[in-house]
$ cat entry.pdb   # PDB, C-alpha atoms and all ligand atoms
ATOM      1  CA  MET A  10     -40.911  19.010 -34.792
ATOM      2  CA  GLU A  11     -39.081  15.883 -33.599
ATOM      3  CA  GLN A  12     -40.005  12.590 -35.270
ATOM      4  CA  LYS A  13     -42.425  10.633 -33.088
ATOM      5  CA  ILE A  14     -41.218   7.293 -31.721
ATOM      6  CA  ALA A  15     -43.620   4.366 -31.381
ATOM      7  CA  LEU A  16     -43.388   0.830 -30.023
ATOM      8  CA  VAL A  17     -45.779  -1.773 -31.437
ATOM      9  CA  THR A  18     -45.828  -5.055 -29.511
ATOM     10  CA  GLY A  19     -46.320  -8.213 -31.560
ATOM     11  CA  GLY A  20     -45.198  -6.077 -34.486
ATOM     12  CA  ASN A  21     -43.570  -8.905 -36.400
ATOM     13  CA  ARG A  22     -46.729 -10.089 -38.215
ATOM     14  CA  SER A  23     -50.467  -9.679 -38.819
ATOM     15  CA  ILE A  24     -52.214  -6.561 -37.469
ATOM     16  CA  GLY A  25     -49.118  -5.485 -35.514
ATOM     17  CA  LEU A  26     -46.835  -5.454 -38.561
ATOM     18  CA  GLU A  27     -49.423  -3.506 -40.557
ATOM     19  CA  THR A  28     -49.848  -1.035 -37.679
ATOM     20  CA  ALA A  29     -46.079  -0.516 -37.736
ATOM     21  CA  ARG A  30     -46.176   0.011 -41.506
ATOM     22  CA  GLN A  31     -49.033   2.535 -41.391
ATOM     23  CA  LEU A  32     -47.490   4.490 -38.505
ATOM     24  CA  ALA A  33     -44.134   4.623 -40.311
ATOM     25  CA  GLN A  34     -45.927   5.769 -43.472
ATOM     26  CA  GLN A  35     -47.234   8.690 -41.373
ATOM     27  CA  GLY A  36     -43.649   9.690 -40.553
ATOM     28  CA  VAL A  37     -43.352   7.948 -37.182
ATOM     29  CA  HIS A  38     -40.161   6.049 -36.290
ATOM     30  CA  VAL A  39     -41.444   2.614 -35.300
ATOM     31  CA  ILE A  40     -39.838   0.072 -33.011
ATOM     32  CA  ILE A  41     -41.198  -3.377 -33.809
ATOM     33  CA  GLY A  42     -41.473  -5.481 -30.658
ATOM     34  CA  SER A  43     -41.045  -9.176 -31.403
ATOM     35  CA  ARG A  44     -40.586 -12.020 -28.968
ATOM     36  CA  ARG A  45     -38.385 -13.777 -31.532
ATOM     37  CA  ARG A  46     -35.473 -11.581 -32.557
ATOM     38  CA  GLY A  47     -35.142 -13.104 -36.043
ATOM     39  CA  GLN A  48     -38.783 -12.431 -36.913
ATOM     40  CA  GLY A  49     -38.508  -8.864 -35.669
ATOM     41  CA  VAL A  50     -35.405  -8.254 -37.783
ATOM     42  CA  GLU A  51     -37.138  -9.776 -40.825
ATOM     43  CA  ALA A  52     -40.234  -7.603 -40.327
ATOM     44  CA  ALA A  53     -38.132  -4.470 -39.843
ATOM     45  CA  MET A  54     -36.116  -5.223 -42.970
ATOM     46  CA  GLN A  55     -39.323  -5.684 -44.952
ATOM     47  CA  LEU A  56     -40.463  -2.184 -43.976
ATOM     48  CA  GLN A  57     -37.001  -0.630 -44.311
ATOM     49  CA  LEU A  58     -36.913  -1.896 -47.921
ATOM     50  CA  GLN A  59     -40.067   0.195 -48.457
ATOM     51  CA  GLY A  60     -38.096   3.219 -47.259
ATOM     52  CA  LEU A  61     -39.734   3.308 -43.840
ATOM     53  CA  SER A  62     -38.077   4.338 -40.564
ATOM     54  CA  VAL A  63     -38.215   1.161 -38.491
ATOM     55  CA  GLU A  64     -36.106  -0.823 -36.041
ATOM     56  CA  THR A  65     -36.737  -3.798 -33.793
ATOM     57  CA  VAL A  66     -36.464  -4.783 -30.156
ATOM     58  CA  GLU A  67     -36.776  -8.271 -28.684
ATOM     59  CA  LEU A  68     -39.828  -8.242 -26.447
ATOM     60  CA  ASP A  69     -41.875 -11.047 -24.934
ATOM     61  CA  VAL A  70     -44.648  -9.253 -23.047
ATOM     62  CA  SER A  71     -45.211 -12.271 -20.806
ATOM     63  CA  SER A  72     -41.636 -12.103 -19.472
ATOM     64  CA  ARG A  73     -40.603  -9.558 -16.848
ATOM     65  CA  ASN A  74     -36.931  -9.880 -17.805
ATOM     66  CA  SER A  75     -37.733  -9.257 -21.446
ATOM     67  CA  ILE A  76     -39.852  -6.198 -20.591
ATOM     68  CA  VAL A  77     -37.142  -4.685 -18.396
ATOM     69  CA  ALA A  78     -34.472  -5.309 -21.051
ATOM     70  CA  ALA A  79     -36.624  -3.811 -23.828
ATOM     71  CA  ALA A  80     -37.524  -0.719 -21.765
ATOM     72  CA  ASP A  81     -33.824  -0.191 -20.946
ATOM     73  CA  GLU A  82     -32.932  -0.578 -24.605
ATOM     74  CA  ILE A  83     -35.546   1.969 -25.742
ATOM     75  CA  ALA A  84     -34.414   4.399 -23.017
ATOM     76  CA  ARG A  85     -30.798   3.998 -24.133
ATOM     77  CA  ARG A  86     -31.581   4.368 -27.844
ATOM     78  CA  HIS A  87     -34.196   7.135 -27.726
ATOM     79  CA  GLY A  88     -34.644   8.512 -24.201
ATOM     80  CA  ARG A  89     -38.408   8.844 -24.686
ATOM     81  CA  LEU A  90     -41.452   7.160 -26.222
ATOM     82  CA  ASP A  91     -44.402   8.943 -27.860
ATOM     83  CA  ILE A  92     -46.659   6.027 -28.769
ATOM     84  CA  LEU A  93     -47.153   2.594 -27.222
ATOM     85  CA  VAL A  94     -49.430   0.188 -29.103
ATOM     86  CA  ASN A  95     -50.150  -2.801 -26.861
ATOM     87  CA  ASN A  96     -51.038  -5.074 -29.758
ATOM     88  CA  ALA A  97     -49.631  -8.507 -28.812
ATOM     89  CA  GLY A  98     -52.380 -10.942 -27.864
ATOM     90  CA  ILE A  99     -53.241 -14.629 -27.820
ATOM     91  CA  LEU A 100     -56.414 -16.725 -27.880
ATOM     92  CA  GLY A 101     -54.928 -19.449 -25.654
ATOM     93  CA  ASP A 102     -53.704 -22.977 -26.291
ATOM     94  CA  ALA A 103     -57.018 -24.709 -25.634
ATOM     95  CA  PRO A 104     -59.919 -22.256 -25.679
ATOM     96  CA  GLY A 105     -63.173 -23.350 -24.081
ATOM     97  CA  SER A 106     -66.281 -22.198 -22.275
ATOM     98  CA  ALA A 107     -66.227 -20.466 -18.883
ATOM     99  CA  SER A 108     -66.132 -23.598 -16.737
ATOM    100  CA  GLN A 109     -64.224 -25.822 -19.137
ATOM    101  CA  GLN A 110     -61.144 -23.852 -20.103
ATOM    102  CA  SER A 111     -58.318 -24.930 -17.801
ATOM    103  CA  VAL A 112     -57.001 -22.508 -15.218
ATOM    104  CA  SER A 113     -53.527 -22.889 -16.694
ATOM    105  CA  ASP A 114     -54.893 -21.628 -20.024
ATOM    106  CA  TRP A 115     -56.645 -18.732 -18.260
ATOM    107  CA  ARG A 116     -53.279 -17.830 -16.701
ATOM    108  CA  LEU A 117     -51.488 -18.103 -20.051
ATOM    109  CA  VAL A 118     -53.992 -15.798 -21.750
ATOM    110  CA  PHE A 119     -54.036 -13.262 -18.917
ATOM    111  CA  ASP A 120     -50.222 -13.238 -18.743
ATOM    112  CA  THR A 121     -50.060 -11.921 -22.307
ATOM    113  CA  ASN A 122     -53.333 -10.048 -22.823
ATOM    114  CA  LEU A 123     -53.543  -8.303 -19.441
ATOM    115  CA  PHE A 124     -50.538  -8.648 -17.122
ATOM    116  CA  GLY A 125     -48.087  -8.214 -20.015
ATOM    117  CA  VAL A 126     -49.826  -4.984 -21.006
ATOM    118  CA  ILE A 127     -49.808  -3.684 -17.434
ATOM    119  CA  GLU A 128     -46.181  -4.598 -16.775
ATOM    120  CA  LEU A 129     -44.902  -3.215 -20.075
ATOM    121  CA  THR A 130     -46.896  -0.004 -19.754
ATOM    122  CA  GLN A 131     -45.650   0.528 -16.208
ATOM    123  CA  ALA A 132     -42.068  -0.008 -17.391
ATOM    124  CA  LEU A 133     -42.489   2.479 -20.241
ATOM    125  CA  LEU A 134     -44.503   5.183 -18.463
ATOM    126  CA  PRO A 135     -41.373   7.125 -17.447
ATOM    127  CA  LEU A 136     -40.433   7.337 -21.153
ATOM    128  CA  LEU A 137     -44.005   8.214 -22.187
ATOM    129  CA  HIS A 138     -44.019  11.027 -19.625
ATOM    130  CA  LYS A 139     -40.983  12.471 -21.447
ATOM    131  CA  SER A 140     -43.098  12.831 -24.600
ATOM    132  CA  PRO A 141     -44.989  16.102 -25.141
ATOM    133  CA  ALA A 142     -48.052  14.016 -26.118
ATOM    134  CA  GLY A 143     -47.843  10.356 -25.073
ATOM    135  CA  ARG A 144     -50.385   7.951 -26.561
ATOM    136  CA  ILE A 145     -51.216   4.433 -25.360
ATOM    137  CA  VAL A 146     -53.415   2.219 -27.521
ATOM    138  CA  ASN A 147     -54.623  -1.001 -25.932
ATOM    139  CA  VAL A 148     -55.688  -3.421 -28.634
ATOM    140  CA  SER A 149     -58.762  -4.976 -27.105
ATOM    141  CA  SER A 150     -61.731  -6.660 -28.772
ATOM    142  CA  VAL A 151     -65.462  -6.185 -29.010
ATOM    143  CA  LEU A 152     -65.481  -9.654 -27.408
ATOM    144  CA  GLY A 153     -64.394  -7.894 -24.213
ATOM    145  CA  SER A 154     -67.626  -5.897 -24.111
ATOM    146  CA  ILE A 155     -69.477  -6.927 -20.934
ATOM    147  CA  SER A 156     -72.575  -5.006 -22.103
ATOM    148  CA  LEU A 157     -72.749  -7.091 -25.287
ATOM    149  CA  HIS A 158     -72.116 -10.344 -23.415
ATOM    150  CA  ALA A 159     -75.036  -9.389 -21.154
ATOM    151  CA  THR A 160     -77.266  -8.830 -24.196
ATOM    152  CA  PRO A 161     -79.049 -12.121 -24.982
ATOM    153  CA  GLY A 162     -77.858 -13.535 -28.283
ATOM    154  CA  ALA A 163     -75.368 -10.775 -29.063
ATOM    155  CA  LEU A 164     -72.106 -12.712 -28.748
ATOM    156  CA  ASP A 165     -73.325 -16.301 -28.289
ATOM    157  CA  ALA A 166     -71.156 -17.559 -31.141
ATOM    158  CA  PHE A 167     -68.028 -16.411 -29.295
ATOM    159  CA  LYS A 168     -68.654 -17.712 -25.764
ATOM    160  CA  ASN A 169     -66.231 -20.605 -26.330
ATOM    161  CA  ILE A 170     -63.112 -18.435 -26.032
ATOM    162  CA  SER A 171     -63.874 -17.466 -22.499
ATOM    163  CA  ALA A 172     -60.454 -16.549 -21.107
ATOM    164  CA  TYR A 173     -59.716 -14.417 -24.172
ATOM    165  CA  ASN A 174     -63.001 -12.506 -23.838
ATOM    166  CA  VAL A 175     -62.601 -11.927 -20.119
ATOM    167  CA  SER A 176     -58.962 -10.864 -20.552
ATOM    168  CA  LYS A 177     -60.139  -8.167 -22.964
ATOM    169  CA  SER A 178     -62.920  -7.092 -20.544
ATOM    170  CA  ALA A 179     -60.228  -6.690 -17.894
ATOM    171  CA  LEU A 180     -58.009  -4.818 -20.350
ATOM    172  CA  ASN A 181     -60.891  -2.434 -21.051
ATOM    173  CA  ALA A 182     -61.429  -1.841 -17.342
ATOM    174  CA  TRP A 183     -57.699  -1.252 -16.804
ATOM    175  CA  THR A 184     -57.692   1.207 -19.719
ATOM    176  CA  LEU A 185     -60.307   3.283 -17.916
ATOM    177  CA  HIS A 186     -58.387   3.172 -14.634
ATOM    178  CA  LEU A 187     -55.143   4.249 -16.292
ATOM    179  CA  ALA A 188     -56.849   6.981 -18.321
ATOM    180  CA  TYR A 189     -58.317   8.336 -15.077
ATOM    181  CA  GLU A 190     -54.960   8.213 -13.315
ATOM    182  CA  LEU A 191     -53.281  10.073 -16.204
ATOM    183  CA  ARG A 192     -56.129  12.536 -16.813
ATOM    184  CA  ASP A 193     -54.045  15.593 -15.864
ATOM    185  CA  THR A 194     -50.997  14.564 -17.910
ATOM    186  CA  ALA A 195     -50.172  14.750 -21.629
ATOM    187  CA  ILE A 196     -50.759  11.004 -21.996
ATOM    188  CA  LYS A 197     -53.975   9.639 -23.522
ATOM    189  CA  VAL A 198     -54.998   6.007 -23.107
ATOM    190  CA  ASN A 199     -57.599   4.299 -25.270
ATOM    191  CA  ALA A 200     -58.861   0.804 -26.042
ATOM    192  CA  ILE A 201     -59.714  -0.226 -29.580
ATOM    193  CA  HIS A 202     -61.307  -3.118 -31.457
ATOM    194  CA  PRO A 203     -59.507  -3.769 -34.760
ATOM    195  CA  GLY A 204     -62.511  -5.558 -36.273
ATOM    196  CA  TYR A 205     -62.924  -9.215 -37.153
ATOM    197  CA  VAL A 206     -59.757  -9.396 -39.218
ATOM    198  CA  LYS A 207     -58.343 -11.975 -41.625
ATOM    199  CA  SER A 208     -55.174 -12.401 -39.574
ATOM    200  CA  ASP A 209     -53.252 -15.487 -38.446
ATOM    201  CA  MET A 210     -55.295 -15.469 -35.223
ATOM    202  CA  ASN A 211     -58.486 -16.256 -37.140
ATOM    203  CA  LYS A 212     -56.934 -19.023 -39.261
ATOM    204  CA  GLY A 213     -58.586 -17.996 -42.504
ATOM    205  CA  GLY A 214     -61.747 -16.543 -40.897
ATOM    206  CA  GLY A 215     -62.448 -12.851 -40.462
ATOM    207  CA  GLU A 216     -64.185 -10.128 -42.442
ATOM    208  CA  LEU A 217     -61.757  -7.223 -42.725
ATOM    209  CA  ASP A 218     -58.421  -7.180 -44.491
ATOM    210  CA  ILE A 219     -55.347  -6.549 -42.358
ATOM    211  CA  PRO A 220     -54.781  -2.915 -43.499
ATOM    212  CA  THR A 221     -58.330  -2.065 -42.367
ATOM    213  CA  GLY A 222     -57.703  -3.993 -39.135
ATOM    214  CA  ALA A 223     -54.733  -1.750 -38.340
ATOM    215  CA  ARG A 224     -56.549   1.518 -39.002
ATOM    216  CA  THR A 225     -58.169   2.038 -35.597
ATOM    217  CA  SER A 226     -54.877   1.509 -33.719
ATOM    218  CA  VAL A 227     -53.145   3.996 -36.015
ATOM    219  CA  GLU A 228     -55.955   6.530 -35.676
ATOM    220  CA  LEU A 229     -55.854   6.457 -31.867
ATOM    221  CA  ALA A 230     -52.035   6.445 -31.822
ATOM    222  CA  LEU A 231     -52.030   9.728 -33.768
ATOM    223  CA  ILE A 232     -54.855  11.662 -32.058
ATOM    224  CA  GLY A 233     -54.150  15.263 -31.188
ATOM    225  CA  SER A 234     -54.666  17.066 -27.892
ATOM    226  CA  GLU A 235     -58.423  17.306 -28.631
ATOM    227  CA  GLY A 236     -58.668  13.518 -28.938
ATOM    228  CA  PRO A 237     -60.291  11.225 -26.377
ATOM    229  CA  SER A 238     -58.789   9.398 -23.426
ATOM    230  CA  GLY A 239     -60.585   6.454 -21.832
ATOM    231  CA  SER A 240     -62.495   5.561 -25.007
ATOM    232  CA  PHE A 241     -63.301   2.221 -26.650
ATOM    233  CA  SER A 242     -63.828   2.376 -30.407
ATOM    234  CA  HIS A 243     -63.640   0.768 -33.824
ATOM    235  CA  LEU A 244     -63.143   2.756 -37.042
ATOM    236  CA  GLY A 245     -64.477   5.924 -35.437
ATOM    237  CA  GLU A 246     -67.488   4.291 -33.807
ATOM    238  CA  THR A 247     -67.765   4.193 -29.997
ATOM    239  CA  LEU A 248     -68.269   0.667 -28.640
ATOM    240  CA  PRO A 249     -70.184  -0.370 -25.515
ATOM    241  CA  TRP A 250     -67.972  -1.305 -22.540
TER     242      TRP A 250
HETATM  243  N1  LIG B 301     -57.798 -10.735 -35.604
HETATM  244  C1  LIG B 301     -58.943 -10.310 -35.092
HETATM  245  O1  LIG B 301     -60.040 -10.512 -35.662
HETATM  246  C2  LIG B 301     -58.941  -9.573 -33.792
HETATM  247  C3  LIG B 301     -60.168  -9.118 -33.273
HETATM  248  C4  LIG B 301     -60.182  -8.412 -32.085
HETATM  249  C5  LIG B 301     -58.990  -8.157 -31.445
HETATM  250  N2  LIG B 301     -57.805  -8.612 -31.945
HETATM  251  C6  LIG B 301     -56.579  -8.313 -31.217
HETATM  252  O2  LIG B 301     -55.653  -7.701 -32.090
HETATM  253  C7  LIG B 301     -54.315  -7.994 -31.666
HETATM  254  C8  LIG B 301     -53.534  -8.556 -32.831
HETATM  255  O3  LIG B 301     -54.204  -9.718 -33.271
HETATM  256  P1  LIG B 301     -53.800 -10.515 -34.591
HETATM  257  O4  LIG B 301     -55.065 -10.961 -35.210
HETATM  258  O5  LIG B 301     -52.825  -9.762 -35.396
HETATM  259  O6  LIG B 301     -53.101 -11.792 -33.899
HETATM  260  P2  LIG B 301     -52.044 -12.811 -34.501
HETATM  261  O7  LIG B 301     -52.179 -12.904 -35.967
HETATM  262  O8  LIG B 301     -52.195 -14.071 -33.728
HETATM  263  O9  LIG B 301     -50.642 -12.128 -34.111
HETATM  264  C9  LIG B 301     -50.370 -11.969 -32.744
HETATM  265  C10 LIG B 301     -49.084 -11.204 -32.559
HETATM  266  O10 LIG B 301     -48.872 -11.102 -31.142
HETATM  267  C11 LIG B 301     -47.582 -11.618 -30.853
HETATM  268  N3  LIG B 301     -47.497 -12.174 -29.505
HETATM  269  C12 LIG B 301     -48.249 -13.130 -28.923
HETATM  270  N4  LIG B 301     -47.823 -13.361 -27.673
HETATM  271  C13 LIG B 301     -46.778 -12.530 -27.468
HETATM  272  C14 LIG B 301     -45.928 -12.295 -26.367
HETATM  273  N5  LIG B 301     -46.023 -12.988 -25.213
HETATM  274  N6  LIG B 301     -44.982 -11.336 -26.483
HETATM  275  C15 LIG B 301     -44.863 -10.635 -27.622
HETATM  276  N7  LIG B 301     -45.606 -10.828 -28.708
HETATM  277  C16 LIG B 301     -46.565 -11.771 -28.616
HETATM  278  C17 LIG B 301     -47.327 -12.681 -31.915
HETATM  279  O11 LIG B 301     -45.955 -12.976 -31.973
HETATM  280  P3  LIG B 301     -45.384 -14.396 -32.568
HETATM  281  O12 LIG B 301     -45.272 -14.208 -34.044
HETATM  282  O13 LIG B 301     -44.075 -14.555 -31.874
HETATM  283  O14 LIG B 301     -46.379 -15.455 -32.198
HETATM  284  C18 LIG B 301     -47.863 -11.939 -33.143
HETATM  285  O15 LIG B 301     -46.922 -10.994 -33.571
HETATM  286  C19 LIG B 301     -54.459  -8.990 -30.500
HETATM  287  O16 LIG B 301     -54.363  -8.287 -29.276
HETATM  288  C20 LIG B 301     -55.850  -9.536 -30.686
HETATM  289  O17 LIG B 301     -56.407  -9.994 -29.473
HETATM  290  C21 LIG B 301     -57.754  -9.310 -33.110
END
$ encode --input "entry.pdb" --output "structure tokens"
Amino acid sequence: MEQKIALVTGGNRSIGLETARQLAQQGVHVIIGSRRRGQGVEAAMQLQLQGLSVETVELDVSSRNSIVAAADEIARRHGRLDILVNNAGILGDAPGSASQQSVSDWRLVFDTNLFGVIELTQALLPLLHKSPAGRIVNVSSVLGSISLHATPGALDAFKNISAYNVSKSALNAWTLHLAYELRDTAIKVNAIHPGYVKSDMNKGGGELDIPTGARTSVELALIGSEGPSGSFSHLGETLPW
């Protein structure tokens, strides 16, 4: 069997780097997407020193030019892609409540967390269709769950990162639309919640360690033909949309 090839966006640090490590430990050849070339090279070298099969590509998911260049590069180097982990994400420069967060910050967050995912996935779909079993993992958040936001008290402590939450709700909805569109193909598309993880994003907060935070992405990236498409889960547990 040919070695699987995966791209992990935002793979230079935190949950993305650990996802790259765990996938490579499972025998996958991993391309680390990093918007800063130097950090991608450093991350790749760190994993290569552990004997893992890893390379890097410069990729800013909020830039069309960068997406096109990265997709061309992957096509040239490998001619196909088996796994796409849309991991890169941001909270925003100045998070706030629904009416207070500036529209420019909403745009910034959506450019990375939603439009970047859509544009990159569209650019890579031709390569994913060349895989016998393409897998797309959209790294969402339980904070994107509209059902939980509609449940009084459930997520009150997190209402002050409004654009982030809504961007993940939109990402969840898009996941379902894409999974439906691809239902008769070999490609499966799923959304995951990594958990509340002690990563850079949480600045010292969080409950789970980073290796545990990467586990759900890795699990959904490696599902077999019997696995789900159009699901939303965390460590094997289905989450409410
Ligand atoms: N941590 C949690 O508790 C938690 C919970 C739920 C969901 N998530 C989701 O899990 C994913 C990873 O989160 P994390 O905690 O690892 O975040 P993090 O520590 O802030 O790391 C974010 C990663 O995304 C990259 N990134 C940001 N914007 C990018 C862009 N435009 N193009 C390419 N890469 C970009 C960053 O690159 P730079 O190094 O260049 O900044 C970094 O590699 C995100 O989608 C996040 O929303 C996290």
$ residues_around --input "entry.pdb" --residues "Gln34 of chain A" --least-positions-apart "3" --cutoff "9 Å" --atoms "only C-alpha atoms" --output "PyMOL selection string"
chain A and resi 29-31+37+61-62
$ closest_residue --input "entry.pdb" --among "A:Asn199, A:Ser113, A:Ser106, A:Asn122" --to "ligand LIG 301 (chain B)" --atoms "only C-alpha atoms and all ligand atoms"
A:Asn122
$ closest_residue --input "entry.pdb" --among "A:Ser178, A:Thr65, A:Gln55, A:Asn211" --to "ligand LIG 301 (chain B)" --atoms "all atoms listed in the file"
A:Asn211
$ closest_atom_pairs --input "entry.pdb" --of "chain A" --to "ligand LIG 301 (chain B)" --cutoff "7 Å" --atoms "only C-alpha atoms and all ligand atoms" --output "tab-separated table"
residue	atom	partner	partner_atom	distance
A:Thr18	CA	B:LIG301	N7	5.8
A:Gly19	CA	B:LIG301	O15	3.5
A:Gly20	CA	B:LIG301	O15	5.3
A:Asn21	CA	B:LIG301	O15	4.9
A:Arg22	CA	B:LIG301	O15	4.7
A:Ser23	CA	B:LIG301	O5	4.2
A:Ile24	CA	B:LIG301	O5	3.9
A:Gly25	CA	B:LIG301	O5	5.7
A:Gly42	CA	B:LIG301	C15	6.9
A:Ser43	CA	B:LIG301	N7	5.5
A:Arg44	CA	B:LIG301	C15	4.7
A:Arg45	CA	B:LIG301	O13	5.8
A:Leu68	CA	B:LIG301	C15	5.7
A:Asp69	CA	B:LIG301	N6	3.5
A:Val70	CA	B:LIG301	N6	4.0
A:Ser71	CA	B:LIG301	N5	4.5
A:Asn96	CA	B:LIG301	O16	4.6
A:Ala97	CA	B:LIG301	O10	3.6
A:Gly98	CA	B:LIG301	O16	3.6
A:Ile99	CA	B:LIG301	C12	5.3
A:Leu100	CA	B:LIG301	O17	6.9
A:Thr121	CA	B:LIG301	N5	5.1
A:Asn122	CA	B:LIG301	O16	6.8
A:Val148	CA	B:LIG301	O16	5.1
A:Ser149	CA	B:LIG301	C5	5.4
A:Ser150	CA	B:LIG301	C4	4.1
A:Val151	CA	B:LIG301	C4	6.5
A:His202	CA	B:LIG301	C4	5.4
A:Pro203	CA	B:LIG301	C4	5.4
A:Gly204	CA	B:LIG301	C3	5.2
A:Tyr205	CA	B:LIG301	O1	3.5
A:Val206	CA	B:LIG301	O1	3.7
A:Lys207	CA	B:LIG301	N1	6.2
A:Ser208	CA	B:LIG301	O4	4.6
A:Asp209	CA	B:LIG301	O7	3.7
A:Met210	CA	B:LIG301	O8	3.7
A:Asn211	CA	B:LIG301	N1	5.8
A:Gly215	CA	B:LIG301	O1	5.9
$ closest_residue --input "entry.pdb" --among "A:Ala80, A:Ala200, A:Leu16, A:Leu26" --to "Asn147 of chain A" --atoms "all atoms listed in the file"
A:Ala200
$ residues_around --input "entry.pdb" --residues "Leu134 of chain A" --least-positions-apart "6" --cutoff "10 Å" --atoms "all atoms listed in the file" --output "number ranges by chain"
A: 80, 89-90, 93, 140, 143, 145, 196
$ residues_around --input "entry.pdb" --residues "Ala103 of chain A" --least-positions-apart "6" --cutoff "9 Å" --atoms "only C-alpha atoms" --output "mmCIF file with C-alpha atoms, in the coordinates of the input"
data_model
loop_
_atom_site.group_PDB
_atom_site.id
_atom_site.type_symbol
_atom_site.label_atom_id
_atom_site.label_comp_id
_atom_site.auth_asym_id
_atom_site.auth_seq_id
_atom_site.Cartn_x
_atom_site.Cartn_y
_atom_site.Cartn_z
ATOM 1 C CA GLN A 110 -61.144 -23.852 -20.103
ATOM 2 C CA SER A 111 -58.318 -24.930 -17.801
ATOM 3 C CA ASP A 114 -54.893 -21.628 -20.024
ATOM 4 C CA ILE A 170 -63.112 -18.435 -26.032
#
$ closest_residue --input "entry.pdb" --among "A:Ala172, A:Leu217, A:Ala142, A:Leu123" --to "Ser234 of chain A" --atoms "all atoms listed in the file"
A:Ala142
$ residues_around --input "entry.pdb" --residues "Arg144 of chain A" --least-positions-apart "2" --cutoff "10 Å" --atoms "all atoms listed in the file" --output "PyMOL selection string"
chain A and resi 15+90-94+137-138+140-142+146-147+195-199+229-233+238
$ write_last_selection --input "entry.pdb" --atoms "C-alpha atoms" --output "short mmCIF file (atom, residue, chain, number, x, y, z; two decimals), in the coordinates of the input"
data_model
loop_
_atom_site.label_atom_id
_atom_site.label_comp_id
_atom_site.auth_asym_id
_atom_site.auth_seq_id
_atom_site.Cartn_x
_atom_site.Cartn_y
_atom_site.Cartn_z
CA ALA A 15 -43.62 4.37 -31.38
CA LEU A 90 -41.45 7.16 -26.22
CA ASP A 91 -44.40 8.94 -27.86
CA ILE A 92 -46.66 6.03 -28.77
CA LEU A 93 -47.15 2.59 -27.22
CA VAL A 94 -49.43 0.19 -29.10
CA LEU A 137 -44.00 8.21 -22.19
CA HIS A 138 -44.02 11.03 -19.62
CA SER A 140 -43.10 12.83 -24.60
CA PRO A 141 -44.99 16.10 -25.14
CA ALA A 142 -48.05 14.02 -26.12
CA VAL A 146 -53.42 2.22 -27.52
CA ASN A 147 -54.62 -1.00 -25.93
CA ALA A 195 -50.17 14.75 -21.63
CA ILE A 196 -50.76 11.00 -22.00
CA LYS A 197 -53.98 9.64 -23.52
CA VAL A 198 -55.00 6.01 -23.11
CA ASN A 199 -57.60 4.30 -25.27
CA LEU A 229 -55.85 6.46 -31.87
CA ALA A 230 -52.04 6.44 -31.82
CA LEU A 231 -52.03 9.73 -33.77
CA ILE A 232 -54.86 11.66 -32.06
CA GLY A 233 -54.15 15.26 -31.19
CA SER A 238 -58.79 9.40 -23.43
#
$ closest_residue --input "entry.pdb" --among "A:Leu244, A:Ile219, A:Leu180, A:Ala107" --to "Asp120 of chain A" --atoms "all atoms listed in the file"
A:Leu180
$ atom_distance --input "entry.pdb" --atom1 "atom CA of Arg116 of chain A" --atom2 "atom CA of Ala179 of chain A"
13.2 Å
$ decode --input "entry.pdb" --residues "segment 101-135 of chain A" --atoms "C-alpha atoms" --output "mmCIF file, in the first residue's frame"
data_model
loop_
_atom_site.group_PDB
_atom_site.id
_atom_site.type_symbol
_atom_site.label_atom_id
_atom_site.label_comp_id
_atom_site.auth_asym_id
_atom_site.auth_seq_id
_atom_site.Cartn_x
_atom_site.Cartn_y
_atom_site.Cartn_z
ATOM 1 C CA GLY A 101 -9.396 37.348 16.611
ATOM 2 C CA ASP A 102 -7.424 40.440 17.559
ATOM 3 C CA ALA A 103 -10.060 41.954 19.834
ATOM 4 C CA PRO A 104 -12.709 39.408 20.804
ATOM 5 C CA GLY A 105 -15.992 40.715 22.164
ATOM 6 C CA SER A 106 -19.698 40.069 22.470
ATOM 7 C CA ALA A 107 -22.051 39.831 19.484
ATOM 8 C CA SER A 108 -22.724 43.549 19.097
ATOM 9 C CA GLN A 109 -19.382 44.822 20.344
ATOM 10 C CA GLN A 110 -16.779 42.946 18.342
ATOM 11 C CA SER A 111 -15.822 45.120 15.374
ATOM 12 C CA VAL A 112 -16.832 44.058 11.893
ATOM 13 C CA SER A 113 -13.186 44.167 10.848
ATOM 14 C CA ASP A 114 -12.425 41.565 13.530
ATOM 15 C CA TRP A 115 -15.379 39.442 12.374
ATOM 16 C CA ARG A 116 -13.910 39.567 8.853
ATOM 17 C CA LEU A 117 -10.430 38.672 10.114
ATOM 18 C CA VAL A 118 -11.733 35.648 12.018
ATOM 19 C CA PHE A 119 -13.964 34.445 9.184
ATOM 20 C CA ASP A 120 -11.142 34.870 6.646
ATOM 21 C CA THR A 121 -9.072 32.276 8.503
ATOM 22 C CA ASN A 122 -11.613 30.037 10.241
ATOM 23 C CA LEU A 123 -14.164 29.758 7.423
ATOM 24 C CA PHE A 124 -13.212 31.286 4.064
ATOM 25 C CA GLY A 125 -9.633 29.990 4.337
ATOM 26 C CA VAL A 126 -10.949 26.477 4.937
ATOM 27 C CA ILE A 127 -13.361 26.701 2.009
ATOM 28 C CA GLU A 128 -10.811 28.156 -0.401
ATOM 29 C CA LEU A 129 -8.055 25.716 0.546
ATOM 30 C CA THR A 130 -10.368 22.712 0.416
ATOM 31 C CA GLN A 131 -11.681 23.750 -2.992
ATOM 32 C CA ALA A 132 -8.103 24.127 -4.249
ATOM 33 C CA LEU A 133 -7.132 20.689 -2.939
ATOM 34 C CA LEU A 134 -10.261 18.721 -3.868
ATOM 35 C CA PRO A 135 -8.830 17.658 -7.248
#
